[in-house]
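Contents: one structure, followed by commentary.
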Amino acid sequence: MDLNILWFILITVLFAGFFFLEGFDFGVGILLPFLGKNDQERRVLINTIGPHWDGNEVWLITAGGAMFAAFPNWYSTLFSGFFLALFLVLVSLIIRGVAFEFRSSDSNPLWRSTWDWMIFTGSFLSALLWGVAMTNLVRGVPIDAKMQYVGTFFDLLSPYAIVGGLTTLFVFMFHGALFLSLKTTGEMAERAMKAAQSIALAAIPVVTLLAGLSYFQTDLFASLGASITLVGSGAALILALILIRSRKAGWAFILNGITILLFTVSLFWGLFPRVMVSSLNMQWSLTIYNASSSPYTLKIMTIIALVMVPIVLLYQGWTYWVFRNRVTEKNLHY
């Protein structure tokens, strides 16, 4: 395996980890105004992700940094072409972060309600736009022979991309509801379980529609591995619904996590060895070779990653272990 392939795999892992971990963060944020009936209940919901949300976003920062260093042409084309979409993602993430920090600085009900809706807005936009961005990578966007994006923002809003955005939106909401059923108690946990069942019933048709559109509008199914993992993600989602109906929330959460991981892997597997598909001419697509850094740069990055990545994983695993208990109104942290 050459280093170009290795770094493509590592970036895939980073995005898969980000969507798995930040997915339930987004889901909790979206469900916050609806499952939390009063200020104390909403505080409980926020506290379930309070120790983790900022650490989970490190996966995105690392993925962006790895993309910049390993495949600078991919980074420049993506961030210039998707500038407005990614700017909206950045703004939504900032809104969430500010809302988490500012919400409890004043006891005024209007103040707290405003920031609760900011958490919802930031989470909703992030969950939706990431699906739009990722599906555009495999569907193809207008890229010319100079690796420059020559389309507009509205070229990113095709029906296929919008269905992709709805897919991540519903799957992340389901992920968040399952997470809440594991991290809360009593009536709140029951409420989260019921919400999870309803959301899954909406998510399954959307995921099925995306798979059907992928067959006609992309070449994902030309790759056996990509097609198997895409179908497998849908099967895992259906099994998660069956398990949550049997009140096996833990297994349902794991299976929905597998749904997210397999969905992400299927997109990157279908891309390989490309990193961005040109809708103007397939020969103008960016690949892991024409978009990469020098071999020496990739070698240095690999050495650093082998040292630092295990340390980061151990630290983040430790934080989840420390904050593994369920959150109740008795142990609220304001």
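To be explicit about the labels: the chains of the structure tokens are called A, B, and onward in the order shown, and within each one the residues are counted from 1, while ligands get numbers from 1 in the order they are shown.
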
Please build the interface table for segment 152-201 of chain A against segment 266-289 of chain A with a cut-off of 12 Å, listing for each qualifying residue the nearest atom pair and the distance in Å to one decimal; count only C-alpha atoms, order rows by chain and increasing number, and write it as a Markdown table.
| residue | atom | partner | partner_atom | distance |
| --- | --- | --- | --- | --- |
| A:Asp155 | CA | A:Ser279 | CA | 10.8 |
| A:Leu156 | CA | A:Ser279 | CA | 11.7 |
| A:Gly164 | CA | A:Leu267 | CA | 11.1 |

Task: Among listed residues A:Thr229, A:Ser223, A:Asn290, A:Ser113, nearest Thr264 of chain A (using only C-alpha atoms) - done: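 For Thr264 of chain A, the nearest of the candidates is A:Thr229.
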
- [ ] Please provide the set of residues having any atom within 8 Å of Val171 of chain A, restricted to only C-alpha atoms, with same-chain residues fewer than 5 positions apart removed, written as a ChimeraX atom specification.
- [x] /A:200,203,256,260

Restrict the selected residues to all heavy atoms and save them as an mmCIF file, in the first residue's frame.
data_model
loop_
_atom_site.group_PDB
_atom_site.id
_atom_site.type_symbol
_atom_site.label_atom_id
_atom_site.label_comp_id
_atom_site.auth_asym_id
_atom_site.auth_seq_id
_atom_site.Cartn_x
_atom_site.Cartn_y
_atom_site.Cartn_z
ATOM 1 N N ALA A 200 -36.931 6.668 13.063
ATOM 2 C CA ALA A 200 -36.445 5.563 12.231
ATOM 3 C C ALA A 200 -37.434 5.241 11.121
ATOM 4 O O ALA A 200 -37.038 4.928 9.987
ATOM 5 C CB ALA A 200 -36.188 4.334 13.089
ATOM 6 N N ALA A 203 -36.705 7.685 8.580
ATOM 7 C CA ALA A 203 -35.354 7.581 8.015
ATOM 8 C C ALA A 203 -35.248 6.461 6.987
ATOM 9 O O ALA A 203 -34.562 6.618 5.962
ATOM 10 C CB ALA A 203 -34.341 7.356 9.137
ATOM 11 N N ASN A 256 -27.113 1.495 14.659
ATOM 12 C CA ASN A 256 -27.228 2.752 13.934
ATOM 13 C C ASN A 256 -25.853 3.394 13.731
ATOM 14 O O ASN A 256 -25.622 4.057 12.719
ATOM 15 C CB ASN A 256 -28.149 3.724 14.672
ATOM 16 C CG ASN A 256 -28.511 4.927 13.825
ATOM 17 O OD1 ASN A 256 -29.075 4.785 12.749
ATOM 18 N ND2 ASN A 256 -28.170 6.120 14.287
ATOM 19 N N ILE A 260 -24.093 4.532 10.116
ATOM 20 C CA ILE A 260 -23.340 5.745 9.791
ATOM 21 C C ILE A 260 -21.962 5.393 9.240
ATOM 22 O O ILE A 260 -21.502 5.962 8.243
ATOM 23 C CB ILE A 260 -23.215 6.642 11.029
ATOM 24 C CG1 ILE A 260 -24.607 7.152 11.448
ATOM 25 C CG2 ILE A 260 -22.270 7.805 10.780
ATOM 26 C CD1 ILE A 260 -24.628 7.871 12.783
#

- [ ] Have a look at A:Phe170, A:Gln197, A:Phe19, A:Ile46 and name the one nearest to Ser246 of chain A; count only C-alpha atoms.
- [x]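 Residue with the minimum atom-to-atom distance to Ser246 of chain A: A:Gln197.
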
Task: Of the listed residues A:Gly317, A:Ser214, A:Leu178, A:Phe102, that which approaches Glu190 of chain A most closely, counting only C-alpha atoms - done: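 Checking each candidate against Glu190 of chain A, we get A:Leu178 as the closest.
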
- [ ] For Gly23 of chain A, please output as an NGL selection string all residues within 8 Å (counting only C-alpha atoms; exclusion window: fewer than 3 positions along the same chain).
- [x] :A and (18-20 or 26-27 or 127 or 172-173 or 175-176)

Next, the residues of the selection above should be written as an mmCIF file, in the first residue's frame with all heavy atoms.
data_model
loop_
_atom_site.group_PDB
_atom_site.id
_atom_site.type_symbol
_atom_site.label_atom_id
_atom_site.label_comp_id
_atom_site.auth_asym_id
_atom_site.auth_seq_id
_atom_site.Cartn_x
_atom_site.Cartn_y
_atom_site.Cartn_z
ATOM 1 N N PHE A 18 -16.005 11.179 12.864
ATOM 2 C CA PHE A 18 -16.692 12.442 13.122
ATOM 3 C C PHE A 18 -18.199 12.278 13.009
ATOM 4 O O PHE A 18 -18.957 12.732 13.888
ATOM 5 C CB PHE A 18 -16.208 13.503 12.137
ATOM 6 C CG PHE A 18 -17.001 14.780 12.175
ATOM 7 C CD1 PHE A 18 -16.934 15.632 13.269
ATOM 8 C CD2 PHE A 18 -17.830 15.132 11.117
ATOM 9 C CE1 PHE A 18 -17.676 16.810 13.317
ATOM 10 C CE2 PHE A 18 -18.569 16.298 11.143
ATOM 11 C CZ PHE A 18 -18.496 17.149 12.243
ATOM 12 N N PHE A 19 -18.668 11.618 11.960
ATOM 13 C CA PHE A 19 -20.105 11.456 11.780
ATOM 14 C C PHE A 19 -20.702 10.548 12.847
ATOM 15 O O PHE A 19 -21.829 10.764 13.297
ATOM 16 C CB PHE A 19 -20.405 10.902 10.387
ATOM 17 C CG PHE A 19 -20.104 11.873 9.279
ATOM 18 C CD1 PHE A 19 -19.516 11.437 8.098
ATOM 19 C CD2 PHE A 19 -20.390 13.220 9.416
ATOM 20 C CE1 PHE A 19 -19.233 12.333 7.071
ATOM 21 C CE2 PHE A 19 -20.105 14.126 8.404
ATOM 22 C CZ PHE A 19 -19.529 13.679 7.231
ATOM 23 N N PHE A 20 -19.961 9.523 13.274
ATOM 24 C CA PHE A 20 -20.464 8.635 14.322
ATOM 25 C C PHE A 20 -20.605 9.382 15.648
ATOM 26 O O PHE A 20 -21.626 9.287 16.326
ATOM 27 C CB PHE A 20 -19.522 7.446 14.495
ATOM 28 C CG PHE A 20 -19.938 6.508 15.598
ATOM 29 C CD1 PHE A 20 -20.810 5.469 15.348
ATOM 30 C CD2 PHE A 20 -19.456 6.670 16.888
ATOM 31 C CE1 PHE A 20 -21.204 4.602 16.368
ATOM 32 C CE2 PHE A 20 -19.841 5.816 17.912
ATOM 33 C CZ PHE A 20 -20.720 4.779 17.642
ATOM 34 N N PHE A 26 -25.409 16.163 17.123
ATOM 35 C CA PHE A 26 -26.372 16.880 16.286
ATOM 36 C C PHE A 26 -27.801 16.431 16.598
ATOM 37 O O PHE A 26 -28.716 17.252 16.676
ATOM 38 C CB PHE A 26 -26.074 16.638 14.801
ATOM 39 C CG PHE A 26 -24.792 17.243 14.317
ATOM 40 C CD1 PHE A 26 -24.082 16.657 13.273
ATOM 41 C CD2 PHE A 26 -24.282 18.408 14.876
ATOM 42 C CE1 PHE A 26 -22.902 17.214 12.807
ATOM 43 C CE2 PHE A 26 -23.099 18.978 14.425
ATOM 44 C CZ PHE A 26 -22.409 18.367 13.380
ATOM 45 N N GLY A 27 -27.971 15.121 16.746
ATOM 46 C CA GLY A 27 -29.305 14.595 17.018
ATOM 47 C C GLY A 27 -29.884 15.117 18.321
ATOM 48 O O GLY A 27 -31.056 15.515 18.381
ATOM 49 N N ALA A 127 -26.289 18.934 10.395
ATOM 50 C CA ALA A 127 -26.689 17.585 10.003
ATOM 51 C C ALA A 127 -27.152 17.531 8.558
ATOM 52 O O ALA A 127 -26.844 16.586 7.826
ATOM 53 C CB ALA A 127 -27.799 17.085 10.931
ATOM 54 N N PHE A 172 -28.928 11.028 11.913
ATOM 55 C CA PHE A 172 -28.323 11.663 13.086
ATOM 56 C C PHE A 172 -29.366 11.903 14.181
ATOM 57 O O PHE A 172 -29.073 11.762 15.372
ATOM 58 C CB PHE A 172 -27.662 12.980 12.693
ATOM 59 C CG PHE A 172 -26.401 12.823 11.879
ATOM 60 C CD1 PHE A 172 -25.820 13.923 11.256
ATOM 61 C CD2 PHE A 172 -25.795 11.595 11.725
ATOM 62 C CE1 PHE A 172 -24.656 13.793 10.506
ATOM 63 C CE2 PHE A 172 -24.636 11.445 10.972
ATOM 64 C CZ PHE A 172 -24.064 12.552 10.365
ATOM 65 N N MET A 173 -30.583 12.273 13.794
ATOM 66 C CA MET A 173 -31.646 12.429 14.789
ATOM 67 C C MET A 173 -31.929 11.100 15.489
ATOM 68 O O MET A 173 -32.098 11.054 16.705
ATOM 69 C CB MET A 173 -32.915 12.961 14.122
ATOM 70 C CG MET A 173 -32.857 14.425 13.716
ATOM 71 S SD MET A 173 -34.308 14.935 12.760
ATOM 72 C CE MET A 173 -35.614 14.683 13.969
ATOM 73 N N HIS A 175 -29.816 8.681 15.826
ATOM 74 C CA HIS A 175 -28.626 8.429 16.647
ATOM 75 C C HIS A 175 -28.723 9.190 17.968
ATOM 76 O O HIS A 175 -28.420 8.652 19.037
ATOM 77 C CB HIS A 175 -27.387 8.871 15.865
ATOM 78 C CG HIS A 175 -26.139 8.135 16.211
ATOM 79 N ND1 HIS A 175 -26.096 6.779 16.470
ATOM 80 C CD2 HIS A 175 -24.846 8.571 16.329
ATOM 81 C CE1 HIS A 175 -24.863 6.421 16.723
ATOM 82 N NE2 HIS A 175 -24.075 7.486 16.655
ATOM 83 N N GLY A 176 -29.155 10.449 17.888
ATOM 84 C CA GLY A 176 -29.289 11.260 19.096
ATOM 85 C C GLY A 176 -30.367 10.747 20.021
ATOM 86 O O GLY A 176 -30.189 10.730 21.251
#

Task: Proximity to Leu129 of chain A - best of A:Ala85, A:Leu255, A:Leu262, A:Met193, only C-alpha atoms - done: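 The closest residue to Leu129 of chain A is A:Ala85.
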
Open item on the list: Residues within 12 Å of Pro159 of chain A, please, as a list of chain:residue names. Count only C-alpha atoms; anything in the same chain fewer than 4 positions from it doesn't count.
Closed with: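 These residues fall inside the cut-off: A:Val132, A:Thr135, A:Asn136, A:Arg139, A:Phe154, A:Asp155, A:Val163, A:Gly164, A:Gly165, A:Leu166, A:Leu209, A:Leu210, A:Leu213, A:Ser214, A:Gln217.
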
- [ ] Measuring atom to atom with only C-alpha atoms, identify which of A:Ala291, A:Met301, A:Val265, A:Leu180 is nearest to Lys146 of chain A.
- [x]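 Of the candidates, the smallest distance to Lys146 of chain A is held by A:Ala291.
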
Open item on the list: Let me make sure I understand: among A:Thr48, A:Thr319, A:Thr12, A:Ser292, which one has the smallest atom-to-atom distance to Ser181 of chain A if we use only C-alpha atoms?
Closed with: A:Thr48

TODO: Between atom CA of Lys183 of chain A and atom CA of Leu60 of chain A, measure the distance and give it in Å to one decimal.
DONE: 24.1 Å
